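Data first, discussion second: the structure below is written as structure tokens.
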Amino acid sequence: MTQLDEYWNKFLQASTLPPETKCAGDLFFEAKGFVSDQMNALVISGQKTAFFSSYATFAIDGEPLPVSGELYIVVDRAQNPLCVIELQSVNILPFNEVTWEMAQKEGEDENLEAWREKKQEYLEEEGSVLGFDFAPDIKLVYQTFKVVYK
């Protein structure tokens, strides 16, 4: 049994969920200007309650979109479990329609302009690797979550 399996089993024992409840996977948070420890601290403290992914990544990788209610183990760089999060909502929207209220839930930036600048740079880098181009109306997958176990 892996360390993540053991952590998941501890979570299930501490929760009211049935023992057959499945983990949707593990998540590792990082962002430009933040080391993973800082990002993890934002998640655990409740300052970070959302994140954005490019829709193109899911399409290119052939991965299904996440679904609200899914449970994930947040891990550090060494794959040590830190907490379990539950997705509260999953929405698809264009980059240029992201509001400050939404961006602020990522817990990383001081204003919408700073968020847009960093996210555009990230999407351009990701697109150069995966084969898509940034455009102001590029689709994003906006996921909100809450920590349910730590």
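Every chain in the structure tokens takes a letter, A first, then B, and so on in the order presented; its residues are numbered from 1, and the ligands are numbered from 1 following the presented order.
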
Exercise. In segment 11-139 of chain A, what's alpha helix (DSSP H) per DSSP? Answer as a PyMOL selection string?
Worked result: chain A and resi 11-14+36-45+55-61+100-104+112-130

Using N, CA and C atoms, can you export the residues from the last selection as a compact mmCIF listing (two decimals), in the first residue's frame?
```
# COMPACT_ATOMS: atom_id res chain seq x y z
N PHE A 11 -8.31 9.30 5.73
CA PHE A 11 -9.36 10.28 5.43
C PHE A 11 -10.73 9.62 5.47
N LEU A 12 -10.88 8.48 4.81
CA LEU A 12 -12.17 7.80 4.78
C LEU A 12 -12.63 7.39 6.18
N GLN A 13 -11.69 6.94 7.01
CA GLN A 13 -12.03 6.54 8.38
C GLN A 13 -12.50 7.74 9.20
N ALA A 14 -11.92 8.91 8.93
CA ALA A 14 -12.27 10.12 9.68
C ALA A 14 -13.54 10.79 9.14
N SER A 36 6.30 25.50 -4.37
CA SER A 36 5.16 24.64 -4.01
C SER A 36 4.80 24.74 -2.53
N ASP A 37 5.78 24.91 -1.65
CA ASP A 37 5.47 25.04 -0.22
C ASP A 37 4.57 26.23 0.05
N GLN A 38 4.84 27.35 -0.64
CA GLN A 38 4.00 28.54 -0.47
C GLN A 38 2.58 28.29 -0.99
N MET A 39 2.48 27.63 -2.13
CA MET A 39 1.17 27.33 -2.71
C MET A 39 0.40 26.39 -1.78
N ASN A 40 1.08 25.38 -1.28
CA ASN A 40 0.42 24.44 -0.38
C ASN A 40 -0.06 25.13 0.89
N ALA A 41 0.72 26.06 1.40
CA ALA A 41 0.30 26.81 2.59
C ALA A 41 -0.96 27.62 2.29
N LEU A 42 -1.07 28.19 1.09
CA LEU A 42 -2.27 28.93 0.70
C LEU A 42 -3.49 28.00 0.66
N VAL A 43 -3.29 26.79 0.15
CA VAL A 43 -4.39 25.82 0.09
C VAL A 43 -4.82 25.42 1.51
N ILE A 44 -3.86 25.00 2.31
CA ILE A 44 -4.16 24.50 3.66
C ILE A 44 -4.80 25.58 4.54
N SER A 45 -4.34 26.83 4.37
CA SER A 45 -4.88 27.93 5.18
C SER A 45 -6.25 28.41 4.71
N TYR A 55 -8.48 24.66 -20.95
CA TYR A 55 -9.37 23.65 -21.51
C TYR A 55 -8.62 22.82 -22.54
N ALA A 56 -7.73 23.47 -23.30
CA ALA A 56 -6.96 22.79 -24.34
C ALA A 56 -6.15 21.63 -23.78
N THR A 57 -5.63 21.77 -22.57
CA THR A 57 -4.85 20.69 -21.95
C THR A 57 -5.68 19.42 -21.82
N PHE A 58 -6.91 19.57 -21.37
CA PHE A 58 -7.78 18.40 -21.24
C PHE A 58 -8.07 17.79 -22.60
N ALA A 59 -8.35 18.66 -23.59
CA ALA A 59 -8.68 18.17 -24.93
C ALA A 59 -7.48 17.47 -25.57
N ILE A 60 -6.31 18.07 -25.48
CA ILE A 60 -5.10 17.51 -26.09
C ILE A 60 -4.73 16.19 -25.43
N ASP A 61 -4.82 16.15 -24.09
CA ASP A 61 -4.45 14.94 -23.36
C ASP A 61 -5.56 13.88 -23.38
N TRP A 100 -12.28 39.62 -11.17
CA TRP A 100 -11.36 39.71 -10.05
C TRP A 100 -11.83 38.80 -8.91
N GLU A 101 -13.13 38.72 -8.71
CA GLU A 101 -13.67 37.84 -7.65
C GLU A 101 -13.20 36.40 -7.87
N MET A 102 -13.20 35.95 -9.11
CA MET A 102 -12.76 34.59 -9.42
C MET A 102 -11.25 34.45 -9.25
N ALA A 103 -10.50 35.35 -9.85
CA ALA A 103 -9.04 35.29 -9.81
C ALA A 103 -8.51 35.39 -8.38
N GLN A 104 -9.18 36.18 -7.58
CA GLN A 104 -8.77 36.40 -6.19
C GLN A 104 -8.80 35.10 -5.39
N LEU A 112 -6.53 42.09 -10.70
CA LEU A 112 -6.87 41.33 -11.90
C LEU A 112 -5.81 41.48 -12.99
N GLU A 113 -5.25 42.67 -13.12
CA GLU A 113 -4.25 42.88 -14.16
C GLU A 113 -3.01 42.00 -13.92
N ALA A 114 -2.58 41.91 -12.68
CA ALA A 114 -1.43 41.05 -12.35
C ALA A 114 -1.77 39.60 -12.62
N TRP A 115 -2.99 39.19 -12.27
CA TRP A 115 -3.42 37.82 -12.53
C TRP A 115 -3.40 37.54 -14.03
N ARG A 116 -3.98 38.45 -14.82
CA ARG A 116 -4.05 38.25 -16.28
C ARG A 116 -2.65 38.15 -16.89
N GLU A 117 -1.76 39.01 -16.44
CA GLU A 117 -0.40 39.00 -16.98
C GLU A 117 0.29 37.66 -16.70
N LYS A 118 0.22 37.21 -15.45
CA LYS A 118 0.86 35.94 -15.08
C LYS A 118 0.21 34.75 -15.76
N LYS A 119 -1.12 34.75 -15.80
CA LYS A 119 -1.84 33.62 -16.40
C LYS A 119 -1.60 33.57 -17.91
N GLN A 120 -1.55 34.73 -18.55
CA GLN A 120 -1.30 34.74 -20.00
C GLN A 120 0.10 34.18 -20.29
N GLU A 121 1.08 34.61 -19.51
CA GLU A 121 2.44 34.10 -19.68
C GLU A 121 2.48 32.58 -19.49
N TYR A 122 1.78 32.09 -18.48
CA TYR A 122 1.72 30.66 -18.22
C TYR A 122 1.06 29.93 -19.40
N LEU A 123 -0.06 30.45 -19.88
CA LEU A 123 -0.79 29.81 -20.99
C LEU A 123 0.03 29.82 -22.28
N GLU A 124 0.79 30.90 -22.50
CA GLU A 124 1.65 30.96 -23.69
C GLU A 124 2.75 29.90 -23.60
N GLU A 125 3.34 29.75 -22.41
CA GLU A 125 4.38 28.72 -22.22
C GLU A 125 3.78 27.32 -22.38
N GLU A 126 2.64 27.09 -21.76
CA GLU A 126 1.99 25.79 -21.85
C GLU A 126 1.61 25.48 -23.30
N GLY A 127 1.09 26.49 -23.99
CA GLY A 127 0.69 26.31 -25.39
C GLY A 127 1.86 25.99 -26.30
N SER A 128 3.03 26.58 -26.02
CA SER A 128 4.21 26.31 -26.85
C SER A 128 4.66 24.85 -26.68
N VAL A 129 4.40 24.28 -25.53
CA VAL A 129 4.78 22.88 -25.28
C VAL A 129 3.71 21.93 -25.85
N LEU A 130 2.43 22.25 -25.62
CA LEU A 130 1.35 21.33 -25.99
C LEU A 130 0.79 21.56 -27.40
```

Problem set entry | Close residues, segment 133-148 of chain A itself excluded, 6 Å, only C-alpha atoms, min 5 positions apart in chain, as an NGL selection string | :A and (49-55 or 84-96 or 124 or 127)

Using only C-alpha atoms, please write the residues we just selected to a file, as a short mmCIF file (atom, residue, chain, number, x, y, z; two decimals), in the first residue's frame.
```cif
data_model
loop_
_atom_site.label_atom_id
_atom_site.label_comp_id
_atom_site.auth_asym_id
_atom_site.auth_seq_id
_atom_site.Cartn_x
_atom_site.Cartn_y
_atom_site.Cartn_z
CA THR A 49 -9.88 28.02 -2.92
CA ALA A 50 -9.76 27.92 -6.72
CA PHE A 51 -7.53 27.28 -9.70
CA PHE A 52 -7.67 27.59 -13.45
CA SER A 53 -6.51 25.12 -16.10
CA SER A 54 -6.52 25.49 -19.86
CA TYR A 55 -9.37 23.65 -21.51
CA VAL A 84 -7.83 16.27 0.71
CA ILE A 85 -9.88 18.77 -1.29
CA GLU A 86 -13.37 18.47 -2.70
CA LEU A 87 -14.26 20.26 -5.94
CA GLN A 88 -17.18 22.59 -5.30
CA SER A 89 -17.73 23.78 -8.86
CA VAL A 90 -16.26 23.36 -12.33
CA ASN A 91 -16.97 25.99 -14.99
CA ILE A 92 -15.63 26.69 -18.46
CA LEU A 93 -15.22 30.31 -19.46
CA PRO A 94 -13.04 32.48 -21.71
CA PHE A 95 -9.87 34.00 -20.26
CA ASN A 96 -11.17 37.53 -20.95
CA GLU A 124 1.65 30.96 -23.69
CA GLY A 127 0.69 26.31 -25.39
#
```

Exercise. Where in segment 9-137 of chain A does DSSP assign strand (DSSP E or B), given as an MDAnalysis selection string?
Worked result: chainID A and resid 25:27 31 34 50:54 71:75 81:94

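Of the residues under consideration (A:Val75, A:Leu4, A:Glu20, A:Asn111), A:Asn111 shows the shortest atom-to-atom contact distance to Thr99 of chain A when counting only C-alpha atoms.
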
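Here atom CA of Ile73 of chain A is placed at a distance of 13.1 Å from atom CA of Thr21 of chain A.
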